[in-house]
file start00.cif (mmCIF, C-alpha atoms)
data_run
loop_
_atom_site.label_atom_id
_atom_site.label_comp_id
_atom_site.auth_asym_id
_atom_site.auth_seq_id
_atom_site.Cartn_x
_atom_site.Cartn_y
_atom_site.Cartn_z
CA MET A 154 50.36 55.53 121.88
CA LYS A 155 49.31 59.04 120.86
CA LYS A 156 50.55 60.40 124.19
CA LEU A 157 53.87 58.64 123.70
CA LEU A 158 54.25 60.23 120.25
CA ILE A 159 53.45 63.69 121.63
CA LEU A 160 55.98 63.16 124.42
CA LEU A 161 58.64 62.03 121.98
CA SER A 162 57.94 64.99 119.69
CA LEU A 163 58.19 67.46 122.57
CA SER A 164 61.43 65.86 123.74
CA ALA A 165 62.90 66.07 120.26
CA LEU A 166 61.79 69.71 119.96
CA THR A 167 63.33 70.62 123.31
CA PHE A 168 66.55 68.81 122.43
CA SER A 169 66.88 70.55 119.07
CA ALA A 170 66.13 73.92 120.66
CA CYS A 171 68.92 73.33 123.15
CA VAL A 172 71.37 72.37 120.44
CA THR A 173 70.55 74.98 117.82
CA GLY A 174 69.64 77.89 120.12
CA PRO A 175 73.07 79.23 121.00
CA VAL A 176 74.37 78.65 117.45
CA ALA A 177 71.49 80.62 115.99
CA ASP A 178 72.28 83.49 118.33
CA GLN A 179 75.91 83.77 117.23
CA PRO A 180 75.52 85.78 114.01
CA ASP A 181 73.64 88.50 115.88
CA GLU A 182 76.45 88.84 118.36
CA LEU A 183 78.97 89.21 115.53
CA ASP A 184 76.86 91.68 113.61
CA ASP A 185 76.51 94.24 116.32
CA GLY A 186 80.12 93.98 117.45
CA ASP A 187 81.51 97.43 116.56
CA GLU A 188 85.23 96.83 116.26
CA GLU A 189 87.13 99.62 117.95
CA GLU A 190 89.55 101.33 115.59
CA MET A 191 93.22 101.62 116.36
CA THR A 192 94.33 104.95 117.73
CA VAL A 193 97.57 106.73 116.92
CA PRO A 194 99.40 107.67 120.13
CA GLU A 195 100.35 111.25 120.96
CA GLU A 196 103.41 112.58 119.13
CA VAL A 197 106.63 112.63 121.13
CA GLU A 198 108.43 115.97 121.43
CA ASP A 199 112.00 114.86 121.00
CA GLU A 200 114.53 115.98 118.40
CA TYR A 201 115.68 112.37 118.00
CA ASN A 202 112.17 110.98 117.49
CA ILE A 203 110.27 111.40 114.22
CA ASN A 204 107.43 109.19 115.45
CA LEU A 205 107.66 106.59 112.70
CA ASP A 206 105.89 104.14 115.04
CA ASN A 207 102.86 106.37 114.57
CA ALA A 208 103.39 106.25 110.81
CA LEU A 209 103.13 102.46 110.92
CA ILE A 210 99.83 102.68 112.81
CA GLU A 211 98.49 105.31 110.43
CA LEU A 212 99.41 103.06 107.51
CA GLU A 213 97.68 100.11 109.08
CA ILE A 214 94.53 102.15 109.69
CA VAL A 215 94.25 103.44 106.13
CA ASP A 216 95.38 100.29 104.34
CA GLN A 217 93.21 97.86 106.30
CA SER A 218 90.23 98.14 103.96
CA GLU A 219 92.31 98.15 100.79
CA MET B 234 116.83 126.23 109.28
CA LYS B 235 113.63 128.09 110.10
CA MET B 236 115.02 131.02 108.17
CA LYS B 237 115.53 128.75 105.18
CA LYS B 238 111.94 127.54 105.47
CA ILE B 239 110.64 131.07 105.65
CA LEU B 240 112.65 131.93 102.55
CA ILE B 241 111.25 128.92 100.73
CA PHE B 242 107.77 129.91 101.77
CA VAL B 243 108.17 133.51 100.69
CA SER B 244 109.79 132.50 97.41
CA ALA B 245 107.20 129.86 96.66
CA PHE B 246 104.44 132.26 97.57
CA LEU B 247 105.84 134.94 95.31
CA LEU B 248 106.26 132.40 92.54
CA ALA B 249 102.68 131.35 92.97
CA ALA B 250 101.44 134.92 93.22
CA THR B 251 102.98 135.84 89.90
CA GLN B 252 100.90 133.18 88.23
CA VAL B 253 97.17 133.39 87.66
CA PHE B 254 95.10 131.44 90.15
CA ALA B 255 93.08 128.66 88.62
CA ALA B 256 89.57 129.75 87.96
CA GLY B 257 86.76 127.75 89.51
CA SER B 258 88.91 125.16 91.26
CA GLY B 259 85.83 123.21 92.27
CA SER B 260 85.79 119.58 93.27
CA GLY B 261 88.57 117.02 93.49
CA GLY B 262 91.18 116.25 96.05
CA GLY B 263 93.74 118.93 95.22
CA PHE B 264 95.31 121.06 97.89
CA GLU B 265 94.02 124.59 98.24
CA PRO B 266 94.97 127.15 97.23
CA VAL B 267 95.55 125.82 93.76
CA VAL B 268 98.31 127.70 92.04
CA GLU B 269 99.42 127.65 88.46
CA PRO B 270 102.56 125.71 87.58
CA PRO B 271 105.91 127.46 87.75
CA GLU B 272 108.10 127.94 84.72
CA PRO B 273 108.48 124.63 82.92
CA ALA B 274 112.23 124.60 82.25
CA PRO B 275 113.50 123.02 85.51
CA VAL B 276 110.65 120.56 85.56
CA GLN B 277 111.80 118.91 82.37
CA THR B 278 115.11 117.71 83.73
CA GLN B 279 114.05 114.29 84.98
CA THR B 280 116.11 111.23 84.31
CA ASP B 281 114.59 108.30 82.46
CA ALA B 282 114.57 106.24 85.63
CA GLU B 283 112.57 108.87 87.45
CA THR B 284 109.94 109.19 84.76
CA GLU B 285 109.31 105.45 84.81
CA THR B 286 107.87 105.61 88.32
CA GLU B 287 104.10 105.70 88.32
CA PRO B 288 102.54 107.60 91.22
CA MET B 289 99.68 105.91 93.00
CA GLU B 290 96.39 107.14 94.28
CA LEU B 291 96.85 110.80 93.62
CA PRO B 292 93.70 112.85 93.87
CA PRO B 293 92.24 113.82 90.52
CA ALA B 294 94.46 116.36 88.86
CA GLU B 295 92.93 119.64 87.91
CA GLU B 296 93.53 120.87 84.43
CA THR B 297 96.25 123.47 84.37
CA PRO B 298 96.67 125.79 81.42
CA ALA B 299 100.06 125.84 79.74
CA PRO B 300 102.39 128.28 81.48
CA THR B 301 103.11 131.49 79.65
CA PRO B 302 106.75 132.11 78.80
CA THR B 303 108.39 134.96 80.70
CA PRO B 304 111.57 136.86 79.93
CA THR B 305 114.69 135.20 81.26
CA PRO B 306 116.05 136.78 84.42
CA ALA B 307 119.51 136.57 82.92
CA SER B 308 118.82 139.78 80.99
CA SER B 309 118.49 141.79 84.19
CA SER B 310 121.26 140.28 86.32
CA ASN B 311 124.49 138.57 85.38
CA GLU B 312 124.64 136.89 88.77
CA TRP B 313 121.62 134.80 87.86
CA VAL B 314 123.53 133.35 84.96
CA ALA B 315 126.52 132.59 87.14
CA GLN B 316 124.37 130.59 89.58
CA PRO B 317 123.09 127.44 87.89
CA LEU B 318 119.88 126.01 89.29
CA CYS B 319 120.39 122.92 91.45
CA ASN B 320 117.14 121.64 89.95
CA ASP B 321 118.83 121.46 86.55
CA ILE B 322 121.34 118.86 87.76
CA ASP B 323 120.41 115.33 86.75
CA ASP B 324 122.12 113.42 89.55
CA LEU B 325 120.17 113.32 92.83
CA LYS B 326 123.15 113.48 95.20
CA ALA B 327 124.75 116.27 93.17
CA ARG B 328 121.48 118.23 93.38
CA ILE B 329 121.39 117.80 97.15
CA THR B 330 125.04 118.80 97.50
CA CYS B 331 124.35 121.85 95.34
CA ARG B 332 121.52 122.95 97.66
CA LEU B 333 123.59 122.35 100.79
CA ASP B 334 126.37 124.51 99.37
CA LYS B 335 124.07 127.45 98.69
CA ASN B 336 123.43 130.16 101.25
CA ASN B 337 119.95 131.43 102.09
CA GLU B 338 120.08 134.26 99.59
CA GLN B 339 121.13 131.94 96.76
CA LEU B 340 118.43 129.45 97.69
CA GLU B 341 115.84 132.19 97.80
CA ARG B 342 116.83 133.21 94.29
CA GLU B 343 116.65 129.61 93.09
CA TYR B 344 113.25 128.96 94.64
CA SER B 345 111.83 132.17 93.21
CA GLN B 346 112.64 130.77 89.76
CA SER B 347 111.85 127.16 90.36
CA TYR B 348 110.52 125.26 93.34
CA LEU B 349 110.43 121.54 92.75
CA PRO B 350 110.65 119.21 95.76
CA GLU B 351 112.32 115.87 95.04
CA GLU B 352 109.11 113.95 95.70
CA CYS B 353 107.40 115.89 92.91
CA ARG B 354 110.16 115.45 90.34
CA PRO B 355 109.06 112.12 88.86
CA LEU B 356 105.50 113.38 88.45
CA THR B 357 104.19 115.27 85.46
CA GLY B 358 101.46 117.78 84.65
CA GLY B 359 98.63 118.19 87.12
CA ASP B 360 99.95 115.50 89.48
CA GLN B 361 103.21 117.38 89.81
CA GLN B 362 101.36 120.60 90.51
CA ILE B 363 99.26 118.95 93.22
CA CYS B 364 102.47 117.69 94.78
CA ILE B 365 104.10 121.14 94.68
CA ASN B 366 100.96 122.76 96.11
CA LYS B 367 101.05 120.24 98.93
CA TYR B 368 104.62 121.21 99.81
CA ILE B 369 103.82 124.91 99.68
CA SER B 370 100.78 124.43 101.90
CA LEU B 371 102.89 122.58 104.50
CA LEU B 372 105.65 125.19 104.75
CA PRO B 373 104.04 127.13 107.65
CA CYS B 374 104.14 123.93 109.73
CA TRP B 375 107.92 124.22 110.03
CA ASP B 376 107.36 127.18 112.35
CA GLU B 377 105.70 124.79 114.80
CA GLU B 378 107.69 122.96 117.43
CA VAL B 379 108.72 119.33 116.85
CA GLY B 380 105.98 116.99 118.03
CA PRO B 381 102.18 117.32 118.36
CA ASP B 382 101.93 120.95 117.21
CA ARG B 383 103.80 120.32 113.98
CA ILE B 384 101.84 117.18 113.15
CA SER B 385 98.52 118.86 114.00
CA CYS B 386 99.44 121.65 111.61
CA VAL B 387 100.20 119.11 108.86
CA LYS B 388 96.89 117.35 109.40
CA ASP B 389 95.10 120.67 109.26
CA LYS B 390 96.82 121.75 106.05
CA LEU B 391 96.18 118.38 104.40
CA GLY B 392 92.52 118.49 105.42
CA LEU B 393 92.82 115.44 107.66
CA PRO B 394 90.91 114.91 110.92
CA GLU B 395 92.93 115.17 114.14
CA ARG B 396 92.20 111.49 114.78
CA ILE B 397 93.11 109.27 111.83
CA VAL B 398 90.27 106.82 111.17
CA SER B 399 89.78 104.16 108.53
CA PRO B 400 88.76 105.23 105.01
CA ASP B 401 85.45 103.40 105.51
CA ASN B 402 84.63 105.53 108.53
CA TYR B 403 85.93 108.75 107.04
CA CYS B 404 83.96 108.33 103.81
CA SER B 405 80.84 106.68 105.23
CA ASP B 406 78.59 109.60 104.17
CA ASP B 407 80.24 110.25 100.85
CA ALA B 408 78.26 109.33 97.74
CA GLU B 409 81.45 108.96 95.70
CA SER B 410 82.97 106.72 98.30
CA GLU B 411 85.81 105.20 96.26
CA SER B 412 87.16 108.56 95.16
CA CYS B 413 86.79 109.85 98.73
CA LYS B 414 88.74 106.86 100.08
CA SER B 415 91.47 107.27 97.50
CA ASP B 416 91.88 110.99 98.29
CA TYR B 417 91.88 110.27 101.99
CA ARG B 418 94.56 107.58 101.64
CA TYR B 419 96.75 109.93 99.62
CA LYS B 420 96.48 112.54 102.36
CA VAL B 421 97.40 110.06 105.09
CA TYR B 422 100.33 108.85 102.97
CA SER B 423 101.35 112.50 102.74
CA LEU B 424 101.24 112.76 106.52
CA ILE B 425 103.48 109.70 106.69
CA THR B 426 105.98 111.03 104.16
CA PHE B 427 106.00 114.34 106.01
CA ARG B 428 107.62 112.43 108.87
CA PHE B 429 110.32 111.36 106.39
CA TYR B 430 110.67 115.00 105.36
CA ASP B 431 110.94 115.94 109.03
CA ALA B 432 113.85 113.49 109.38
CA GLU B 433 115.54 115.02 106.34
CA GLU B 434 115.25 118.53 107.75
CA ARG B 435 116.58 117.56 111.16
CA VAL B 436 119.58 115.93 109.49
CA GLU B 437 120.19 119.15 107.58
CA GLU B 438 120.18 121.06 110.86
CA TRP B 439 122.68 118.62 112.36
CA TYR B 440 124.87 119.13 109.31
CA GLU B 441 124.74 122.90 109.82
CA GLU B 442 125.68 122.37 113.47
CA GLY B 443 128.67 120.27 112.39
CA LYS B 444 127.32 117.03 113.86
CA LEU B 445 127.26 115.21 110.52
CA SER B 446 129.60 115.33 107.54
CA GLN B 447 128.38 116.52 104.16
CA GLU B 448 128.68 112.99 102.78
CA GLU B 449 126.56 111.52 105.60
CA THR B 450 124.00 114.26 105.15
CA VAL B 451 123.78 113.91 101.38
CA ASP B 452 123.50 110.12 101.65
CA PHE B 453 120.64 110.34 104.13
CA ILE B 454 118.72 113.06 102.29
CA ALA B 455 119.07 111.12 99.03
CA PHE B 456 117.85 107.97 100.76
CA ILE B 457 114.82 109.81 102.15
CA ALA B 458 114.04 111.39 98.78
CA GLU B 459 114.11 107.97 97.12
CA SER B 460 112.05 106.43 99.91
CA LYS B 461 109.30 109.01 99.46
CA VAL B 462 109.10 108.32 95.73
CA GLU B 463 109.10 104.55 96.32
CA PHE B 464 106.44 104.90 99.00
CA TYR B 465 103.96 106.46 96.56
CA ALA B 466 104.94 104.04 93.79
CA SER B 467 104.38 100.98 96.00
CA THR B 468 101.39 98.89 95.11
CA SER B 469 100.96 97.04 98.39
CA SER B 470 100.62 97.92 102.02
CA ALA B 471 103.40 95.46 102.87
CA ALA B 472 105.81 97.32 100.57
CA ARG B 473 104.88 100.65 102.15
CA ARG B 474 105.34 99.14 105.59
CA ASN B 475 108.81 97.88 104.63
CA ILE B 476 109.81 101.35 103.49
CA ILE B 477 108.76 102.89 106.81
CA THR B 478 110.64 100.18 108.70
CA PHE B 479 113.73 100.73 106.59
CA VAL B 480 113.60 104.49 107.19
CA MET B 481 113.31 103.77 110.93
CA GLY B 482 116.52 101.74 110.76
CA GLN B 483 118.44 104.38 108.82
CA TRP B 484 117.16 107.10 111.14
CA ALA B 485 118.34 105.16 114.19
CA GLU B 486 121.82 104.91 112.65
CA VAL B 487 121.99 108.65 111.98
CA VAL B 488 120.80 109.45 115.49
CA GLU B 489 123.53 107.23 116.90
CA LYS B 490 126.16 109.11 114.88
CA VAL B 491 124.84 112.48 116.03
CA LYS B 492 124.69 111.42 119.67
CA SER B 493 128.22 110.04 119.61
CA SER B 494 129.42 113.17 117.82
CA SER B 495 127.72 115.36 120.47
CA ASN B 496 129.25 113.28 123.28
CA SER B 497 132.76 113.46 121.82
CA ASN B 498 132.48 117.26 121.47
CA GLN B 499 131.58 117.71 125.15
#

call {"tool": "encode", "arguments": {"input": "start00.cif", "output": "structure tokens"}}
result
Amino acid sequence: MKKLLILLSLSALTFSACVTGPVADQPDELDDGDEEEMTVPEEVEDEYNINLDNALIELEIVDQSE
Amino acid sequence: MKMKKILIFVSAFLLAATQVFAAGSGSGGGFEPVVEPPEPAPVQTQTDAETETEPMELPPAEETPAPTPTPTPASSSNEWVAQPLCNDIDDLKARITCRLDKNNEQLEREYSQSYLPEECRPLTGGDQQICINKYISLLPCWDEEVGPDRISCVKDKLGLPERIVSPDNYCSDDAESESCKSDYRYKVYSLITFRFYDAEERVEEWYEEGKLSQEETVDFIAFIAESKVEFYASTSSAARRNIITFVMGQWAEVVEKVKSSSNSNQ
């Protein structure tokens, strides 16, 4: 009877470890994920282009943490 | 156009040089060098609508002593009296038309008395001076070619890094983080509005080359001037984004006109 209880306990422990293991790991993965910042492309040398696309990216970069 | 820029720079520099430099211009987000305000007369010509606009996120304004009155130039030259200052005109489009009608010499004379970019008009006191200083500091960048060189110059003069990063990253080591972030944002907004300014100047060149009519030119410059003021007055990123998008649309229309005008002249 005692052996049966030990066996059941070990099975339950193994089962719970399988279920909770990967979930418990998830926050760590999120924490160390350094999000790469957006980069503004090189300015275009063209008299018809004032690079306002770059202005939109610059705005997004500086306003993101507002 | 470069000549005009040089004249503005020389005039603004002389105007600044005649004033006393602020003593101990220590901390804060102002643009160096800090110069004393020009004569107050043209500054006090704002319309009610303009004064209602609240600027956002300006760096802390440094205290500027009251300007000392100087003798009127009218006593030494009658021509000065005959040439009214464009800055004294209340209506935006009339002011722009006035500037377009002046030659380089007349503009030089005007700027030596009063240099007040449209973006700075709705501001008052120290905020206005910071705005004017910013414009003066950016004038050498007009000598740079369109594209990366010009924008690198602007970043350098504004004290921005070559690669624009988020305020969190830029101010990560700053003890006064919030003030650092606010200053940084203002500088990046200034980089953005410089692109508007760039558009305005290119349109002026096309006008001088006969590719745009005076009416088209005045309309676009007025639109850009208003967009810059609205951009700083906006309280949300979405509103600022809309302004940039709207400027993009108007710019595309002007470019189309210029291209079709160039094609028809060939």

call {"tool": "interface_residues", "arguments": {"input": "start00.cif", "of": "chain A", "to": "chain B", "cutoff": "7 Å", "atoms": "all atoms listed in the file", "output": "VMD selection string"}}
result
chain A and resid 195 to 201 203 205 208 to 209 211 214 to 216

call {"tool": "resolve_selection", "arguments": {"input": "start00.cif", "expression": "the PyMOL selection byres ((chain B and resi 450) around 9)", "output": "MDAnalysis selection string"}}
result
chainID B and resid 330 433 436:437 439:440 445:449 451:455

call {"tool": "closest_residue", "arguments": {"input": "start00.cif", "among": "B:Glu459, B:Asp376, B:Arg342, B:Ser495", "to": "B:Gly443", "atoms": "only C-alpha atoms"}}
result
B:Ser495

call {"tool": "atom_distance", "arguments": {"input": "start00.cif", "atom1": "atom CA of B:Gly392", "atom2": "atom CA of B:Lys420"}}
result
7.8 Å

call {"tool": "atom_distance", "arguments": {"input": "start00.cif", "atom1": "atom CA of B:Leu340", "atom2": "atom CA of B:Val462"}}
result
23.2 Å
